[in-house]
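Novice: Structure incoming, see below.
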Amino acid sequence: MDAIGLTVCDPPKDTRCTSGLSRRWDAPIALVRQLPYGPGPLCCRLDALPLEPDLLADLILSPGEADVWRSMRAVDKRRHEWLLGRTAAKDAVRLLVEEHLGVPLAPSEVEILPDPYGCPRAAGPWTARLGIQPAISISHSHGTAVALAVLHPGQRVGIDLENLSQRRESFEAIAFRPDERRMLDALPGESRQEWALRMWCAKEAVAKALGRGFSAGIQAFHITSAETGGGVVQLELCDPALEYSPRLRGIPIMAYTGREKDYVFSTTIFQGAVE
Amino acid sequence: MPTMTESEVFDKFSQIVARSLRMDASQVSLEARLNDLGAESLDLIEISMETESQFHIFLPDKSILETAVEVFGSDVLEKDGYLTEEGKRLMLCRLPEADAGAFRGEVAVKDLYSYFLKVGTWVRMVQALVEHTPGECAECGGRMTASMGFRMKCASCGRDITLRSGEELNREWVREYYEREYQPRAGMAVAVHAVQ
């Protein structure tokens with residue numbers, strides 16, 4: 001860190017510097033972009049706090065967010081991840097709005113607030129002024145945060161990021177059904193751990209996109225196939241998740257997965273399905 | 001049945017949390033929430049599995065409220081996303097004094113998730129489940145030791161038992177509550193309605 005607390009990070013190869021504090025990261029949306037999803041999606045990534053945390057908070061948070069930051073009773077790791085996630089999400093929304101509508105927004109104008117179910121939403125007077133409501137999703141793991149944003153009305157997005165290091169196989173017993181574990185058993189040993197994490201990320205991305213997380217239980221997100229060549233994981237919703245998304249009964253949901261170094265990620269985008 | 005004090009359970013549980021989240025155990029307190037300590041979804045799964053393994057217990061897959069809703073039927077315990085008075089009564093009956101404050105006033109069901117992430121809630125749940133883990137063999141009084149999966153084996157006579165799951169114990173408690181506390185009250189309400 002230099003005298004004013006700046007940290008210079010080496011950007012990963014597939015990232016591009018943005019006018020924000022985080023960087024555009026195209027890997028999680030490479031597959032999604034080939035599909036007709038309208039404006040966006042746009043993904044931003046931040047691998048370390050670019051400034052001293054309180055200084056960064058002063059620069060980017062709205063007054064309401066700053067209250068949350070100051071009153072947050074959590075360990076530094078958790079507080080820093082929260083701030084990283086907010087920074088990446090604000091950048092993703094700002095870049096999307098600027099690129100597609102030509103309107104520059106300040107970070108503090110883009111408030112990231114939880115909805116009644118704890119799902120992050122972008123808010124501010126600009127949403128009414130511009131007649132838009134971007135959908136966002138945030139994930140963080142091991143000091144890296146990513147955020148995905150779309151502009152298309154009614155679209156739901158989910159992103160999840162996990163680190164391959166220090167993960168044991170034991171979570172599979174809870175995370176997966178017997179038929180899902182059989183899919184993993186069929187994979188060669190060296191890719192099994194990666195695919196277990198990809199399949200987990202796919203479940204979590206879909207759970208986030210539906211806006212209720214895993215409140216319906218992990219088993220309600222059932223993986224029906226995993227295409228190891230292209231990274232596409234197909235899921236179906238089961239009860240009790242169908243109670244809040246009945247229109248998804250029998251509809252396959254696609255989640256796109258990938259790996260970069262020690263990180264595995266998954267993204268999903270679909271038209272609103274939560275009643 | 002072996003019993004563990006809240007302090008004994010907390011000491012052991014805080015070590016599990018600290019190891020999983022790669023932090024110092026002194027940062028774990030009864031009032032802390034696992035997500036505020038930095039736990040992500042997969043960490044919660046790992047903490048659950050390690051807790052089951054170290055305490056020889058089966059944690060329930062569902063919250064006590066979810067199990068109770070299955071037994072009581074819809075709209076009795078929760079309606080439009082909020083606990084009904086009956087729902088709050090059940091939760092208060094189930095929980096020790098230390099947790100009761102969370103169920104006063106208007107309680108949104110979604111807010112219970114944050115409550116279930118409290119270290120203290122986990123500690124008290126584990127403490128209750130440990131009481132159902134046999135310390136001695138019912139046949140010969142020998143010491144029971146952990147065996148494969150959720151099984152225990154007597155070190156003296158070799159008797160093998162399967163531990164009761166938290167889900168099963170929760171359901172049993174809810175059924176008893178339903179018959180002992182709710183049915184007499186609900187029956188009285190029906191009788192009053194009939195007279196009116």
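By order in the structure tokens, chains are A, B, ...; within a chain, residues start at 1; ligands start at 1, following the order shown.
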Neighbours of region 5-9 of chain B within 7 Å (only C-alpha atoms; same-chain residues fewer than 3 positions away dropped), as a list of chain:residue names?
Specialist: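 Near neighbours after the sequence-gap exclusion: B:Lys12, B:Phe13, B:Val123, B:Arg124, B:Gln127.
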Novice: Could you save those same residues with C-alpha atoms as a PDB file, in the first residue's frame?
Specialist:
ATOM      1  CA  LYS B  12     -16.185 -27.508  21.226  1.00  0.00           C
ATOM      2  CA  PHE B  13     -18.500 -25.857  18.690  1.00  0.00           C
ATOM      3  CA  VAL B 123     -25.113 -24.517  20.802  1.00  0.00           C
ATOM      4  CA  ARG B 124     -28.480 -25.032  22.500  1.00  0.00           C
ATOM      5  CA  GLN B 127     -26.854 -29.559  23.647  1.00  0.00           C
TER       6      GLN B 127
END
Novice: Can you pull out every residue within 10 Å of Thr257 (chain A), counting only C-alpha atoms, but drop anything in the same chain fewer than 4 positions away, and send it as JSON, numbers by chain?
Specialist: {"A": [27, 28, 29, 31, 159, 160, 161, 195, 197, 198, 199, 201, 202, 205, 226, 227, 228, 230, 231, 232, 233, 264, 265, 266, 267, 268]}
Novice: Enumerate as a CSV table (one decimal) with N, CA and C atoms, in the first residue's frame the residues belonging to chain B that approach chain A to within 10 Å, with only C-alpha atoms taken into account.
Specialist:
chain,number,residue,atom,x,y,z
B,20,SER,N,-13.2,-24.2,10.6
B,20,SER,CA,-13.8,-24.1,9.3
B,20,SER,C,-13.6,-22.7,8.6
B,23,MET,N,-10.2,-18.9,11.5
B,23,MET,CA,-10.2,-17.7,12.4
B,23,MET,C,-9.9,-18.2,13.8
B,27,GLN,N,-12.8,-15.3,18.7
B,27,GLN,CA,-13.7,-14.4,17.9
B,27,GLN,C,-15.2,-14.9,17.9
B,28,VAL,N,-15.3,-16.2,18.3
B,28,VAL,CA,-16.7,-16.8,18.2
B,28,VAL,C,-17.4,-16.6,19.6
B,32,ALA,N,-22.8,-14.1,18.4
B,32,ALA,CA,-22.4,-13.9,17.0
B,32,ALA,C,-23.3,-14.8,16.0
B,33,ARG,N,-23.4,-14.3,14.8
B,33,ARG,CA,-24.1,-15.0,13.8
B,33,ARG,C,-23.0,-15.6,12.9
B,34,LEU,N,-23.3,-16.8,12.4
B,34,LEU,CA,-22.2,-17.5,11.6
B,34,LEU,C,-21.9,-16.7,10.3
B,35,ASN,N,-22.9,-16.1,9.7
B,35,ASN,CA,-22.7,-15.3,8.5
B,35,ASN,C,-21.8,-14.0,8.8
B,36,ASP,N,-22.0,-13.5,10.0
B,36,ASP,CA,-21.2,-12.3,10.4
B,36,ASP,C,-19.8,-12.7,10.7
B,37,LEU,N,-19.6,-14.0,11.0
B,37,LEU,CA,-18.2,-14.5,11.2
B,37,LEU,C,-17.5,-14.8,9.9
B,38,GLY,N,-18.3,-14.7,8.8
B,38,GLY,CA,-17.7,-14.9,7.4
B,38,GLY,C,-18.1,-16.2,6.8
B,39,ALA,N,-19.1,-16.9,7.4
B,39,ALA,CA,-19.5,-18.2,6.9
B,39,ALA,C,-20.3,-18.1,5.6
B,40,GLU,N,-19.9,-18.8,4.6
B,40,GLU,CA,-20.6,-18.8,3.3
B,40,GLU,C,-21.4,-20.1,3.3
B,41,SER,N,-22.2,-20.3,2.3
B,41,SER,CA,-23.1,-21.4,2.3
B,41,SER,C,-22.4,-22.8,2.4
B,42,LEU,N,-21.3,-22.9,1.7
B,42,LEU,CA,-20.5,-24.2,1.8
B,42,LEU,C,-19.9,-24.4,3.2
B,43,ASP,N,-19.5,-23.2,3.8
B,43,ASP,CA,-19.0,-23.3,5.2
B,43,ASP,C,-20.0,-23.8,6.2
B,44,LEU,N,-21.3,-23.4,5.9
B,44,LEU,CA,-22.4,-23.8,6.8
B,44,LEU,C,-22.6,-25.3,6.7
B,45,ILE,N,-22.4,-25.8,5.5
B,45,ILE,CA,-22.6,-27.3,5.3
B,45,ILE,C,-21.4,-28.0,6.0
B,46,GLU,N,-20.2,-27.5,5.9
B,46,GLU,CA,-19.1,-28.2,6.5
B,46,GLU,C,-19.2,-28.1,8.0
B,47,ILE,N,-19.6,-26.9,8.5
B,47,ILE,CA,-19.8,-26.8,10.0
B,47,ILE,C,-20.8,-27.8,10.5
B,48,SER,N,-21.9,-28.0,9.7
B,48,SER,CA,-23.0,-28.9,10.1
B,48,SER,C,-22.4,-30.3,10.2
B,49,MET,N,-21.6,-30.7,9.1
B,49,MET,CA,-21.1,-32.1,9.1
B,49,MET,C,-20.1,-32.4,10.2
B,50,GLU,N,-19.3,-31.4,10.4
B,50,GLU,CA,-18.2,-31.5,11.5
B,50,GLU,C,-18.9,-31.6,12.8
B,61,ASP,N,-32.7,-31.7,9.2
B,61,ASP,CA,-32.6,-31.0,7.9
B,61,ASP,C,-33.4,-29.7,7.8
B,62,LYS,N,-34.5,-29.8,8.6
B,62,LYS,CA,-35.4,-28.6,8.5
B,62,LYS,C,-35.5,-27.9,9.8
B,66,GLU,N,-40.5,-25.5,10.1
B,66,GLU,CA,-40.9,-26.2,8.9
B,66,GLU,C,-41.6,-27.5,9.3
B,108,ALA,N,-41.5,-11.8,11.2
B,108,ALA,CA,-41.5,-12.3,9.8
B,108,ALA,C,-40.8,-13.7,9.7
B,109,VAL,N,-41.3,-14.6,9.0
B,109,VAL,CA,-40.7,-15.9,8.9
B,109,VAL,C,-39.3,-15.8,8.3
B,110,LYS,N,-39.2,-14.9,7.3
B,110,LYS,CA,-37.8,-14.8,6.7
B,110,LYS,C,-36.8,-14.4,7.7
B,111,ASP,N,-37.2,-13.6,8.7
B,111,ASP,CA,-36.2,-13.2,9.7
B,111,ASP,C,-35.7,-14.3,10.6
B,113,TYR,N,-34.4,-16.9,9.6
B,113,TYR,CA,-33.2,-17.5,9.1
B,113,TYR,C,-32.0,-16.9,9.8
Novice: Do a neighbour search on Lys88 (chain B) at 9 Å with only C-alpha atoms, toss out local chain neighbours closer than 4 positions, and write the hits as an mmCIF file with C-alpha atoms, in the first residue's frame.
Specialist:
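File written: out37.cif
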data_model
loop_
_atom_site.group_PDB
_atom_site.id
_atom_site.type_symbol
_atom_site.label_atom_id
_atom_site.label_comp_id
_atom_site.auth_asym_id
_atom_site.auth_seq_id
_atom_site.Cartn_x
_atom_site.Cartn_y
_atom_site.Cartn_z
ATOM 1 C CA LEU B 77 -48.456 -21.276 12.547
ATOM 2 C CA GLU B 78 -47.589 -18.833 9.781
ATOM 3 C CA LEU B 83 -45.793 -16.080 12.508
ATOM 4 C CA THR B 84 -49.327 -16.306 13.877
ATOM 5 C CA LEU B 92 -41.590 -19.777 22.690
ATOM 6 C CA CYS B 93 -42.500 -23.162 24.172
ATOM 7 C CA PHE B 103 -40.364 -14.125 19.077
ATOM 8 C CA ARG B 104 -42.054 -11.143 20.648
ATOM 9 C CA VAL B 107 -42.124 -11.818 13.506
#
Novice: Just the strand (DSSP E or B) stuff from region 188-261 of chain A, please, per backbone DSSP, written as a list in words.
Specialist: Phe221, His222, Ile223, Thr224, Ser225, Ala226, Glu227, Val232, Val233, Gln234, Leu235, Glu236, Leu237, Ile253, Met254, Ala255, Tyr256, Thr257, Gly258, Arg259 and Glu260 of chain A
Novice: Could you work out how far CA of Ser114 (chain B) lies from CA of Leu90 (chain B), giving the answer in Å with one decimal?
Specialist: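 Here the two named atoms are 18.5 Å from each other.
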Novice: May I have the residues within 7 Å of Gln155 (chain A) as a PyMOL selection string, using only C-alpha atoms and disregarding those fewer than 3 positions away in the same chain?
Specialist: chain A and resi 135+152+269-272
Novice: Once DSSP has gone over the backbone, tell me which residues of region 2-129 of chain A are in helix (DSSP H, G or I), as a PyMOL selection string.
Specialist: chain A and resi 27-29+32-34+53-60+63-71+76-101+107-109+125-129
Novice: For the selection just defined, write its residues with C-alpha atoms to a file, as a short mmCIF file (atom, residue, chain, number, x, y, z; two decimals), in the first residue's frame.
Specialist:
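Okay, this is what ended up in selection17.cif:
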data_model
loop_
_atom_site.label_atom_id
_atom_site.label_comp_id
_atom_site.auth_asym_id
_atom_site.auth_seq_id
_atom_site.Cartn_x
_atom_site.Cartn_y
_atom_site.Cartn_z
CA ALA A 27 -15.58 -15.27 -18.30
CA PRO A 28 -18.86 -15.87 -16.39
CA ILE A 29 -20.97 -14.30 -19.14
CA VAL A 32 -24.71 -16.27 -21.69
CA ARG A 33 -23.86 -13.52 -24.17
CA GLN A 34 -24.48 -15.82 -27.11
CA PRO A 53 -12.17 0.28 3.95
CA ASP A 54 -13.59 3.35 5.72
CA LEU A 55 -12.26 5.64 2.99
CA LEU A 56 -13.80 3.44 0.30
CA ALA A 57 -17.08 3.38 2.23
CA ASP A 58 -17.09 7.19 2.39
CA LEU A 59 -16.52 7.39 -1.34
CA ILE A 60 -19.05 4.92 -2.69
CA PRO A 63 -26.08 7.60 3.41
CA GLY A 64 -28.34 4.59 4.07
CA GLU A 65 -25.62 2.10 3.09
CA ALA A 66 -23.10 4.01 5.20
CA ASP A 67 -25.37 3.53 8.23
CA VAL A 68 -25.39 -0.22 7.56
CA TRP A 69 -21.58 -0.20 7.18
CA ARG A 70 -21.03 1.65 10.45
CA SER A 71 -23.46 -0.51 12.44
CA ASP A 76 -13.39 -7.66 9.34
CA LYS A 77 -13.38 -10.42 6.70
CA ARG A 78 -17.16 -10.32 6.45
CA ARG A 79 -17.31 -6.51 6.49
CA HIS A 80 -14.67 -6.26 3.79
CA GLU A 81 -16.47 -8.82 1.62
CA TRP A 82 -19.69 -6.85 2.01
CA LEU A 83 -17.88 -3.71 0.86
CA LEU A 84 -16.17 -5.53 -2.02
CA GLY A 85 -19.53 -6.91 -3.17
CA ARG A 86 -21.19 -3.48 -2.96
CA THR A 87 -18.35 -1.92 -4.95
CA ALA A 88 -18.52 -4.54 -7.72
CA ALA A 89 -22.33 -4.35 -7.90
CA LYS A 90 -22.38 -0.55 -8.11
CA ASP A 91 -19.77 -0.66 -10.88
CA ALA A 92 -21.70 -3.32 -12.84
CA VAL A 93 -24.91 -1.27 -12.72
CA ARG A 94 -23.16 2.04 -13.49
CA LEU A 95 -21.32 0.58 -16.49
CA LEU A 96 -24.47 -1.04 -17.82
CA VAL A 97 -26.51 2.17 -17.53
CA GLU A 98 -23.75 4.27 -19.06
CA GLU A 99 -23.17 1.87 -21.95
CA HIS A 100 -26.81 1.35 -22.87
CA LEU A 101 -28.41 4.66 -21.91
CA PRO A 107 -21.41 5.06 -7.03
CA SER A 108 -23.37 6.55 -4.14
CA GLU A 109 -26.40 7.06 -6.40
CA PRO A 125 -34.18 8.02 -7.85
CA TRP A 126 -32.54 7.27 -11.23
CA THR A 127 -34.57 4.02 -11.59
CA ALA A 128 -37.82 6.01 -11.86
CA ARG A 129 -36.18 8.81 -13.84
#
Novice: Got a sec: who's within 9 Å of His222 (chain A), counting only C-alpha atoms, leaving out chain neighbours fewer than 6 positions off, as a list in words?
Specialist: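 Close residues of His222 (chain A): Phe176, Arg177, Glu180, Lys203, Gln234, Leu235, Glu236, Leu237 and Cys238 of chain A.
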Novice: As a list of chain:residue names, please: the residues near Asp47 (chain A) (cut-off 7 Å, only C-alpha atoms, same-chain neighbours under 5 positions excluded).
Specialist: A:Gly143, A:Thr144, A:Ala145
Novice: Can I get the selected residues back with C-alpha atoms, as an mmCIF file, in the first residue's frame?
Specialist:
data_model
loop_
_atom_site.group_PDB
_atom_site.id
_atom_site.type_symbol
_atom_site.label_atom_id
_atom_site.label_comp_id
_atom_site.auth_asym_id
_atom_site.auth_seq_id
_atom_site.Cartn_x
_atom_site.Cartn_y
_atom_site.Cartn_z
ATOM 1 C CA GLY A 143 -11.505 -12.116 -0.725
ATOM 2 C CA THR A 144 -12.808 -11.809 -4.271
ATOM 3 C CA ALA A 145 -16.221 -10.352 -5.116
#
Novice: To one decimal place in Å, what is the distance between CA of Met4 (chain B) and CA of Cys140 (chain B)?
Specialist: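 A separation of 22.8 Å between them.
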